[in-house]
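Here's the structure, in structure tokens; my notes come after.
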Amino acid sequence: MLVSEKNALTIEIEDLTKSFGDQRESLLPILQEIQLKHGHISDFAQQEIARLLDIHPVEVYGVVTFYSFLSTEPKGRLIVRLCQTITCDLAGKEAIANTLEKELQIKFGETTPDKKFTLEYCNCIGMCDQGPAMLINEQVFTKLTPSKVIEILKKFN
Ligand code: FES
């Protein structure tokens, strides 16, 4: 990373600590802001957040890796999360997973080369009676069928 980029990110994190405070309680909101703006939270960002909040970098890393909506790696602008919990599994999750992989031409855990889509599994999203279910960013899609998935993806293209 270039020195100028490092400075820009440090300034950004300093500004966030001014808005949210420099206490431990500010950690999650600051991480969410960085995730939103940069699509991930780099090692450097984690170190700077730890330094400015006066906490150990391991604590920052622990929070980033605990929450599925935070990431240490760059992800796509659209994150497709298919529910893998038992009710959706029994309702036909596998066929949906195969369709998503085929249509996006990536495997679960991967991001498309144009950084548009990331494909992930998630656990129950509270739509068990309408499974199989998935999220695209914050939007919920239920009663999925392979053809419905193809139509949904088309709307995002
Ligand atoms: S099991 Fe899939 S939404 Fe609950």
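So you can find residues: chains in the structure tokens are A, B, ... in the order shown, residues in each start at 1, and ligands are numbered from 1 in order.
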**Message:** Which residues are near ligand 1 - at most 8 Å, using only C-alpha atoms and all ligand atoms? Format: as number ranges by chain.
**Reply:** A: 83-89, 123-134
Contacts of Asp54 in chain A at 10 Å or less, counting only C-alpha atoms, minus same-chain residues fewer than 6 places along, as a PDB file with C-alpha atoms, in the first residue's frame?
```pdb
ATOM      1  CA  ASP A  22     -12.561   6.447  20.820  1.00  0.00           C
ATOM      2  CA  GLN A  23     -13.904   3.965  23.369  1.00  0.00           C
ATOM      3  CA  ARG A  24     -14.122   0.188  22.904  1.00  0.00           C
ATOM      4  CA  GLU A  48      -5.068   1.600  12.897  1.00  0.00           C
TER       5      GLU A  48
END
```
**Prompt:** What residues in range 2-113 of chain A get the DSSP label alpha helix (DSSP H)? Please answer as a VMD selection string.
**Reply:** chain A and resid 3 to 20 27 to 38 43 to 53 57 to 66 86 to 90 93 to 104
**Message:** What's around Lys116 in chain A at 8 Å? Count only C-alpha atoms, leave out sequence neighbours fewer than 5 positions away in its own chain, and write the answer as JSON, numbers by chain.
**Reply:** {"A": [76, 77, 78, 111]}
Just-selected residues, C-alpha atoms written as a JSON list (two decimals), in the first residue's frame:
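Result file result35.json:
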```json
[["chain", "number", "residue", "atom", "x", "y", "z"],
["A", 76, "GLY", "CA", -18.48, -8.29, -4.26],
["A", 77, "ARG", "CA", -20.88, -5.35, -4.18],
["A", 78, "LEU", "CA", -23.75, -7.85, -3.97],
["A", 111, "THR", "CA", -16.37, -13.56, -5.78]]
```
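For the choices A:Ser71, A:Ser147, A:Asn157, A:Thr118, the atom-to-atom distance to Leu36 in chain A is smallest for A:Ser71 when using only C-alpha atoms.
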**Asked** So which bits of range 17-155 of chain A end up strand (DSSP E) when you DSSP the backbone, as a ChimeraX atom specification?
**Response** /A:78-83,117-122,134-136,139-141
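Across the structure, CA of Ile106 in chain A and CA of Ala45 in chain A are spaced 28.1 Å apart.
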Which residues, written as a PDB file with C-alpha atoms, in the first residue's frame, have at least one atom at most 9 Å from Phe69 in chain A, with only C-alpha atoms counted and residues fewer than 5 positions away on the same chain left out?
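Once written, out36.pdb looks like this:
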```
ATOM      1  CA  GLN A  32     -19.269  -1.233   9.868  1.00  0.00           C
ATOM      2  CA  GLN A  35     -16.722  -2.285   5.636  1.00  0.00           C
ATOM      3  CA  VAL A  64     -14.123  -8.800  12.202  1.00  0.00           C
TER       4      VAL A  64
END
```
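You can rank A:Arg81, A:Ile34, A:Lys75, A:Ser68 by their closest distance to Glu138 in chain A using only C-alpha atoms, and at the top of that list sits A:Arg81.
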**Prompt:** Could you pull the residues within 9 Å of Ser26 in chain A, counting only C-alpha atoms, minus those fewer than 5 positions along the same chain, as an MDAnalysis selection string?
**Reply:** chainID A and resid 16:17 20:21 31 53
**Message:** I need the residue nearest Asp15 in chain A from this list: A:Ala95, A:Ile49, A:Leu144, A:Ile41. Use only C-alpha atoms for the distance.
**Reply:** A:Ile49
**Pick from A:Glu14, A:Ala97, A:Pro74, A:Val140 nearest to Asp114 in chain A, counting only C-alpha atoms** = A:Pro74
**Request:** Tell me, in Å to one decimal, how far CA of Leu100 in chain A is from CA of Leu119 in chain A.
**Result:** 8.0 Å
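Comparing the minimum interatomic distances between Ile11 in chain A and each of A:Leu52, A:Cys122, A:Leu104, A:Val63, counting only C-alpha atoms, we find that A:Leu52 sits nearest.
For the atom pair formed by CA of Ala50 in chain A and CA of Ile79 in chain A, the distance is 26.9 Å, given to one decimal.
Across A:Gly109, A:Glu94, A:Ile152, A:Leu82, the tightest approach to Tyr121 in chain A is made by A:Leu82 when counting only C-alpha atoms.
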